[in-house]
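protein_30.txt (compact mmCIF, C-alpha atoms)
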# COMPACT_ATOMS: atom_id res chain seq x y z
CA MET D 1 -26.73 33.15 -10.54
CA VAL D 2 -27.18 30.09 -12.75
CA ASP D 3 -24.78 27.38 -13.86
CA ILE D 4 -24.13 25.09 -16.82
CA LEU D 5 -23.44 21.52 -15.67
CA HIS D 6 -22.08 18.52 -17.54
CA ARG D 7 -20.63 15.08 -16.82
CA VAL D 8 -18.83 12.75 -19.21
CA GLY D 9 -16.81 9.58 -18.69
CA VAL D 10 -13.66 8.99 -20.71
CA THR D 11 -12.63 5.39 -21.34
CA THR D 12 -9.10 3.99 -21.77
CA SER D 13 -7.87 7.03 -19.90
CA THR D 14 -6.57 8.32 -16.59
CA PRO D 15 -7.11 11.60 -14.73
CA GLN D 16 -3.53 12.46 -15.75
CA ARG D 17 -4.37 12.22 -19.44
CA VAL D 18 -7.56 14.29 -19.17
CA TYR D 19 -5.71 16.83 -17.05
CA ALA D 20 -3.12 17.15 -19.81
CA ALA D 21 -5.90 17.64 -22.36
CA ILE D 22 -7.35 20.58 -20.42
CA THR D 23 -4.09 22.20 -19.35
CA SER D 24 -1.70 21.92 -22.30
CA ILE D 25 -2.12 24.35 -25.18
CA ASP D 26 -1.77 21.50 -27.67
CA GLY D 27 -4.39 19.49 -25.81
CA LEU D 28 -6.90 22.34 -25.68
CA ALA D 29 -6.31 23.03 -29.38
CA SER D 30 -7.14 19.41 -30.15
CA TRP D 31 -10.71 19.40 -28.84
CA TRP D 32 -11.93 22.99 -28.23
CA THR D 33 -10.46 25.41 -30.73
CA GLU D 34 -7.40 25.09 -32.92
CA ASP D 35 -6.67 28.78 -32.28
CA THR D 36 -5.48 28.44 -28.65
CA LYS D 37 -2.48 30.29 -27.23
CA GLY D 38 -1.11 31.59 -23.96
CA SER D 39 -0.05 30.20 -20.60
CA SER D 40 -1.91 27.57 -18.62
CA ASP D 41 0.16 28.11 -15.47
CA VAL D 42 -1.73 29.41 -12.44
CA GLY D 43 -2.04 33.18 -12.92
CA GLY D 44 -1.53 32.84 -16.67
CA VAL D 45 -4.06 33.62 -19.37
CA ILE D 46 -5.16 31.21 -22.10
CA GLU D 47 -6.53 32.82 -25.26
CA PHE D 48 -9.20 30.83 -27.07
CA ARG D 49 -10.29 32.23 -30.43
CA PHE D 50 -13.06 31.16 -32.80
CA PRO D 51 -12.50 33.10 -36.02
CA PRO D 52 -14.28 35.18 -37.13
CA VAL D 53 -16.61 35.56 -34.15
CA GLY D 54 -14.26 36.28 -31.26
CA GLY D 55 -13.28 34.19 -28.27
CA PHE D 56 -12.41 34.05 -24.61
CA ASP D 57 -9.46 34.91 -22.38
CA MET D 58 -9.31 32.59 -19.39
CA GLU D 59 -7.24 33.37 -16.32
CA VAL D 60 -6.05 30.16 -14.70
CA VAL D 61 -7.12 30.33 -11.04
CA GLN D 62 -6.33 26.78 -9.94
CA SER D 63 -4.55 23.83 -11.51
CA SER D 64 -4.24 20.82 -9.21
CA PRO D 65 -2.65 17.99 -11.20
CA SER D 66 -5.08 15.23 -12.18
CA GLU D 67 -7.81 16.63 -9.92
CA ARG D 68 -9.11 20.12 -10.51
CA VAL D 69 -8.75 23.11 -12.85
CA VAL D 70 -10.50 26.46 -12.47
CA TRP D 71 -10.57 29.29 -15.00
CA ARG D 72 -12.03 32.76 -14.61
CA VAL D 73 -13.27 34.44 -17.78
CA ALA D 74 -11.24 37.63 -18.02
CA ASP D 75 -12.43 38.73 -21.46
CA GLY D 76 -15.00 37.65 -24.03
CA PRO D 77 -18.74 38.06 -24.57
CA GLU D 78 -20.33 40.23 -21.89
CA GLU D 79 -22.35 37.29 -20.52
CA TRP D 80 -19.15 35.30 -19.94
CA VAL D 81 -16.95 37.89 -18.25
CA GLY D 82 -16.64 37.14 -14.54
CA THR D 83 -18.06 33.61 -14.80
CA THR D 84 -15.88 30.68 -13.77
CA ILE D 85 -15.30 27.30 -15.34
CA GLU D 86 -14.47 24.37 -13.08
CA TRP D 87 -13.16 20.95 -14.03
CA ASP D 88 -13.10 18.10 -11.51
CA LEU D 89 -11.52 14.77 -12.43
CA ARG D 90 -11.50 11.36 -10.79
CA GLN D 91 -11.08 7.75 -11.83
CA ASP D 92 -14.08 5.47 -11.36
CA GLY D 93 -13.36 1.93 -12.57
CA ASP D 94 -12.68 2.04 -16.30
CA TYR D 95 -13.79 5.66 -16.64
CA THR D 96 -12.16 9.00 -15.98
CA ILE D 97 -15.12 11.06 -14.79
CA VAL D 98 -15.14 14.71 -15.83
CA MET D 99 -17.44 16.96 -13.82
CA PHE D 100 -17.79 20.34 -15.50
CA THR D 101 -19.42 23.53 -14.19
CA HIS D 102 -19.60 26.89 -15.93
CA ARG D 103 -20.69 28.88 -12.91
CA ASP D 104 -22.29 32.22 -12.07
CA TRP D 105 -24.07 33.36 -15.19
CA LYS D 106 -26.20 36.39 -14.35
CA GLU D 107 -29.25 35.33 -16.37
CA PRO D 108 -30.52 32.11 -18.00
CA GLY D 109 -30.82 33.81 -21.38
CA GLU D 110 -30.90 32.34 -24.85
CA PHE D 111 -27.12 32.58 -25.25
CA MET D 112 -26.63 30.58 -22.05
CA HIS D 113 -28.95 27.87 -23.43
CA HIS D 114 -26.79 27.77 -26.56
CA CYS D 115 -23.53 27.62 -24.62
CA SER D 116 -24.84 24.75 -22.49
CA THR D 117 -25.53 22.59 -25.55
CA LYS D 118 -22.27 23.67 -27.18
CA TRP D 119 -20.21 22.82 -24.08
CA GLY D 120 -21.77 19.36 -24.15
CA GLN D 121 -20.59 18.88 -27.73
CA PHE D 122 -17.09 20.10 -26.89
CA LEU D 123 -16.93 17.73 -23.90
CA MET D 124 -17.78 14.90 -26.29
CA SER D 125 -14.94 16.20 -28.48
CA LEU D 126 -12.61 16.11 -25.44
CA LYS D 127 -13.74 12.54 -24.68
CA SER D 128 -13.23 11.45 -28.26
CA TRP D 129 -9.84 13.10 -28.50
CA VAL D 130 -8.49 11.43 -25.36
CA GLU D 131 -9.98 8.08 -26.32
CA SER D 132 -9.02 7.95 -29.97
CA GLY D 133 -7.20 11.12 -31.02
CA ALA D 134 -10.24 12.24 -33.03
CA GLY D 135 -11.32 15.57 -31.55
CA GLN D 136 -13.62 18.06 -33.24
CA PRO D 137 -12.20 21.45 -32.28
CA ALA D 138 -13.34 24.68 -33.95
CA PRO D 139 -13.42 25.34 -36.86
CA ARG D 140 -14.23 21.61 -37.36
CA ASP D 141 -16.73 21.58 -34.48
CA VAL D 142 -20.24 20.09 -34.57
CA GLN D 143 -22.75 22.73 -35.67
CA ILE D 144 -25.78 22.81 -33.40
CA SER D 145 -27.70 25.82 -34.75
CA ASP D 146 -27.60 29.16 -36.57
CA TRP D 147 -25.21 30.25 -33.81
CA HIS D 148 -22.79 27.42 -34.71
CA MET F 1 -34.01 25.12 -7.67
CA VAL F 2 -31.70 24.63 -10.64
CA ASP F 3 -32.40 24.09 -14.33
CA ILE F 4 -30.91 22.31 -17.33
CA LEU F 5 -30.93 24.57 -20.40
CA HIS F 6 -30.31 23.82 -24.07
CA ARG F 7 -30.81 25.42 -27.47
CA VAL F 8 -30.54 23.80 -30.90
CA GLY F 9 -31.51 24.95 -34.37
CA VAL F 10 -33.06 22.52 -36.82
CA THR F 11 -32.55 23.16 -40.52
CA THR F 12 -34.89 22.32 -43.41
CA SER F 13 -37.69 22.26 -40.88
CA THR F 14 -40.67 24.15 -39.51
CA PRO F 15 -42.04 24.53 -35.96
CA GLN F 16 -44.85 22.22 -37.10
CA ARG F 17 -42.42 19.42 -37.87
CA VAL F 18 -40.49 19.76 -34.61
CA TYR F 19 -43.78 19.96 -32.71
CA ALA F 20 -44.82 16.66 -34.33
CA ALA F 21 -41.47 15.13 -33.33
CA ILE F 22 -42.01 16.00 -29.64
CA THR F 23 -45.74 15.25 -29.45
CA SER F 24 -46.35 12.12 -31.53
CA ILE F 25 -45.44 8.77 -29.99
CA ASP F 26 -43.74 7.72 -33.24
CA GLY F 27 -41.77 10.95 -33.31
CA LEU F 28 -40.57 10.63 -29.70
CA ALA F 29 -39.61 6.99 -30.33
CA SER F 30 -37.48 8.11 -33.27
CA TRP F 31 -35.08 10.31 -31.34
CA TRP F 32 -35.41 9.70 -27.56
CA THR F 33 -36.26 6.10 -26.80
CA GLU F 34 -37.76 3.43 -29.01
CA ASP F 35 -39.78 2.22 -26.00
CA THR F 36 -42.31 5.10 -25.89
CA LYS F 37 -46.03 4.62 -25.27
CA GLY F 38 -49.06 6.47 -23.94
CA SER F 39 -51.01 9.59 -24.74
CA SER F 40 -49.54 12.96 -25.65
CA ASP F 41 -52.85 14.80 -25.30
CA VAL F 42 -53.03 17.42 -22.54
CA GLY F 43 -53.69 15.53 -19.30
CA GLY F 44 -52.35 12.31 -20.79
CA VAL F 45 -49.23 10.45 -19.68
CA ILE F 46 -46.36 9.45 -21.97
CA GLU F 47 -44.28 6.50 -20.79
CA PHE F 48 -40.62 6.58 -21.78
CA ARG F 49 -38.61 3.45 -20.94
CA PHE F 50 -34.89 2.73 -21.24
CA PRO F 51 -34.52 -1.02 -20.65
CA PRO F 52 -33.16 -2.30 -18.37
CA VAL F 53 -32.65 0.79 -16.22
CA GLY F 54 -36.15 2.27 -15.91
CA GLY F 55 -37.66 5.39 -17.37
CA PHE F 56 -39.99 8.32 -16.94
CA ASP F 57 -43.74 8.97 -16.94
CA MET F 58 -44.51 12.46 -18.22
CA GLU F 59 -47.85 14.13 -17.70
CA VAL F 60 -48.61 16.50 -20.57
CA VAL F 61 -49.40 19.88 -18.99
CA GLN F 62 -49.46 22.07 -22.09
CA SER F 63 -49.36 21.42 -25.81
CA SER F 64 -49.73 24.53 -27.95
CA PRO F 65 -49.33 23.53 -31.59
CA SER F 66 -45.99 24.59 -33.12
CA GLU F 67 -45.16 26.77 -30.11
CA ARG F 68 -44.85 25.19 -26.70
CA VAL F 69 -45.02 21.85 -24.91
CA VAL F 70 -44.74 21.30 -21.15
CA TRP F 71 -44.40 17.97 -19.36
CA ARG F 72 -44.42 17.30 -15.63
CA VAL F 73 -42.46 14.28 -14.47
CA ALA F 74 -45.03 12.10 -12.69
CA ASP F 75 -42.81 9.08 -12.11
CA GLY F 76 -39.18 8.10 -12.56
CA PRO F 77 -35.91 8.63 -10.67
CA GLU F 78 -36.44 10.49 -7.40
CA GLU F 79 -34.46 13.51 -8.66
CA TRP F 80 -36.81 13.85 -11.65
CA VAL F 81 -40.21 13.54 -9.98
CA GLY F 82 -41.89 16.94 -9.79
CA THR F 83 -39.52 18.61 -12.24
CA THR F 84 -40.92 20.06 -15.46
CA ILE F 85 -39.67 19.96 -19.03
CA GLU F 86 -40.49 22.86 -21.32
CA TRP F 87 -40.11 23.08 -25.08
CA ASP F 88 -40.44 26.40 -26.90
CA LEU F 89 -40.33 26.53 -30.69
CA ARG F 90 -40.04 29.33 -33.19
CA GLN F 91 -38.84 29.85 -36.74
CA ASP F 92 -35.84 32.13 -37.22
CA GLY F 93 -34.80 32.36 -40.87
CA ASP F 94 -33.75 28.91 -42.06
CA TYR F 95 -33.77 27.43 -38.55
CA THR F 96 -36.44 26.10 -36.25
CA ILE F 97 -35.12 27.16 -32.86
CA VAL F 98 -35.74 24.74 -30.00
CA MET F 99 -35.40 26.23 -26.51
CA PHE F 100 -35.38 23.49 -23.90
CA THR F 101 -35.57 23.77 -20.12
CA HIS F 102 -35.67 20.93 -17.59
CA ARG F 103 -36.72 23.00 -14.62
CA ASP F 104 -36.77 22.83 -10.83
CA TRP F 105 -34.21 20.22 -9.88
CA LYS F 106 -33.73 20.31 -6.11
CA GLU F 107 -29.94 19.96 -6.18
CA PRO F 108 -27.15 20.32 -8.78
CA GLY F 109 -25.91 16.80 -8.06
CA GLU F 110 -23.83 14.48 -10.19
CA PHE F 111 -26.91 12.87 -11.78
CA MET F 112 -28.14 16.29 -12.88
CA HIS F 113 -24.74 16.96 -14.52
CA HIS F 114 -25.13 13.66 -16.38
CA CYS F 115 -28.70 14.39 -17.46
CA SER F 116 -27.67 17.81 -18.77
CA THR F 117 -25.07 16.31 -21.11
CA LYS F 118 -27.39 13.46 -22.07
CA TRP F 119 -30.26 15.85 -22.92
CA GLY F 120 -27.86 17.71 -25.20
CA GLN F 121 -27.10 14.50 -27.07
CA PHE F 122 -30.79 13.64 -27.37
CA LEU F 123 -31.55 17.13 -28.70
CA MET F 124 -28.91 16.53 -31.36
CA SER F 125 -30.69 13.25 -32.09
CA LEU F 126 -33.99 15.17 -32.43
CA LYS F 127 -32.30 17.66 -34.77
CA SER F 128 -30.79 14.90 -36.86
CA TRP F 129 -34.04 12.96 -37.04
CA VAL F 130 -36.07 15.95 -38.25
CA GLU F 131 -33.36 16.98 -40.70
CA SER F 132 -32.50 13.61 -42.19
CA GLY F 133 -34.53 10.83 -40.55
CA ALA F 134 -31.40 9.59 -38.75
CA GLY F 135 -32.17 9.77 -35.04
CA GLN F 136 -30.24 7.99 -32.32
CA PRO F 137 -32.89 6.96 -29.79
CA ALA F 138 -32.17 4.52 -26.96
CA PRO F 139 -31.00 1.79 -27.10
CA ARG F 140 -28.97 3.16 -30.06
CA ASP F 141 -28.14 6.40 -28.23
CA VAL F 142 -24.71 8.01 -27.96
CA GLN F 143 -22.90 6.75 -24.85
CA ILE F 144 -21.40 9.58 -22.84
CA SER F 145 -20.10 7.73 -19.76
CA ASP F 146 -20.39 4.76 -17.42
CA TRP F 147 -23.99 5.94 -16.84
CA HIS F 148 -24.75 5.62 -20.58
Represent the structure from my file as structure tokens, please.
Amino acid sequence: MVDILHRVGVTTSTPQRVYAAITSIDGLASWWTEDTKGSSDVGGVIEFRFPPVGGFDMEVVQSSPSERVVWRVADGPEEWVGTTIEWDLRQDGDYTIVMFTHRDWKEPGEFMHHCSTKWGQFLMSLKSWVESGAGQPAPRDVQISDWH
Amino acid sequence: MVDILHRVGVTTSTPQRVYAAITSIDGLASWWTEDTKGSSDVGGVIEFRFPPVGGFDMEVVQSSPSERVVWRVADGPEEWVGTTIEWDLRQDGDYTIVMFTHRDWKEPGEFMHHCSTKWGQFLMSLKSWVESGAGQPAPRDVQISDWH
């Protein structure tokens, strides 16, 4: 099993604000993909879509306010199904630190390499959105390659 | 052992041009850090510095024109020493595909999370530099957190 890891620090923020950005449907739609629906309550499913290529259904496994969120990928590309995505938040001085892990990929294949870089860009979109309101969610996301 | 993985696609390029950007001292200084010196021949050492916080000495292990470059970290932060960095290049239609692996970290600690996100930003700087001449090397690099 292999993991994608990232860390960003959000300024002029609090763990509460970042938590809202990763748990509210409006927040998620502001930095990841505009086509976000569903329920972010524990046990609920959030539907992220990236027209026209598909998307992901995330089951919310844990949601501890201002501290930790865990999703399990219930549906999506074969490589994603069964993986988990973990968010850990804490305040460190002027920065809200976001520790991100997309855990338990079966193989470190080319698509995983792509998703690692793409997650990094979306985390920068999250940071920018919380800091200034200027997110870059799909379909306005930063293009990194032929795979978008 | 754990690895950092990334993939970007560079447009209006060739594997030859990306190879030059990751093997010439001028190229490396244009997208990673302006303070780059040394020899990029096989067996040589390239010195990357990020004033005032330190840097890395990379021993060039392999350099196969337009295809593959491997560095071994000879000196730098404790977590980096002994790890290897691998670059694999190929042309796929209009894109030069860059597959990047920073291999054999001992632990998936917080610094590794940071370096994963930071490598992603530097790969975007490499892409931008080859495409348009507009790289963002240190000290003009994109700040992702309290750790720069």
Based on only C-alpha atoms, which of the residues in chain F come within 6 Å of chain D? I want them as a list of chain:residue names.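 My answer is F:Leu5, F:His6, F:Arg7, F:Val8, F:Gly9, F:His113, F:His114, F:Ser116, F:Thr117, F:Gly120, F:Ile144, F:Ser145.
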Which distance in Å separates atom CA of Arg72 of chain F and atom CA of Asp104 of chain D, to one decimal?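 Atom CA of Asp104 of chain D lies 26.9 Å from atom CA of Arg72 of chain F.
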In Å, rounded to a single decimal, give me how far atom CA of Asp26 of chain D is from atom CA of Thr14 of chain D.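 Those two atoms sit 17.9 Å apart.
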Answer as a PDB file with C-alpha atoms, in the coordinates of the input, residues within 8 Å of (-52.6, 15.5, -16.3) using all atoms listed in the file:
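To be explicit, this is the file written out as result21.pdb:
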ATOM      1  CA  VAL F  42     -53.030  17.420 -22.540  1.00  0.00           C
ATOM      2  CA  GLY F  43     -53.690  15.530 -19.300  1.00  0.00           C
ATOM      3  CA  GLY F  44     -52.350  12.310 -20.790  1.00  0.00           C
ATOM      4  CA  VAL F  45     -49.230  10.450 -19.680  1.00  0.00           C
ATOM      5  CA  GLU F  59     -47.850  14.130 -17.700  1.00  0.00           C
ATOM      6  CA  VAL F  60     -48.610  16.500 -20.570  1.00  0.00           C
ATOM      7  CA  VAL F  61     -49.400  19.880 -18.990  1.00  0.00           C
TER       8      VAL F  61
END
Contacts of Arg17 of chain F at 9 Å or less, counting all atoms listed in the file, minus same-chain residues fewer than 5 places along, as a PyMOL selection string? chain F and resi 22+66+130
Could you please determine the separation between atom CA of Gly54 of chain D and atom CA of Val69 of chain D in Å, to one decimal place? 23.3 Å
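Closest approach to Lys106 of chain F among F:Glu131, F:Asp35, F:Glu78, F:Asp88: F:Glu78, based on all atoms listed in the file.
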Identify, on the basis of all atoms listed in the file, every residue whose closest approach to Glu47 of chain F does not exceed 8 Å; exclude the query and any residue fewer than 2 positions from it along the same chain; express the result as a list in words. Thr36, Lys37, Gly38, Val45, Arg49, Gly55, Phe56, Asp57 and Met58 of chain F
Using all atoms listed in the file, which of the listed residues (F:Thr12, F:Ala138, F:Arg68, F:Arg103) sits closest to Ile85 of chain F?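 Closest residue, counting all atoms listed in the file: F:Arg103.
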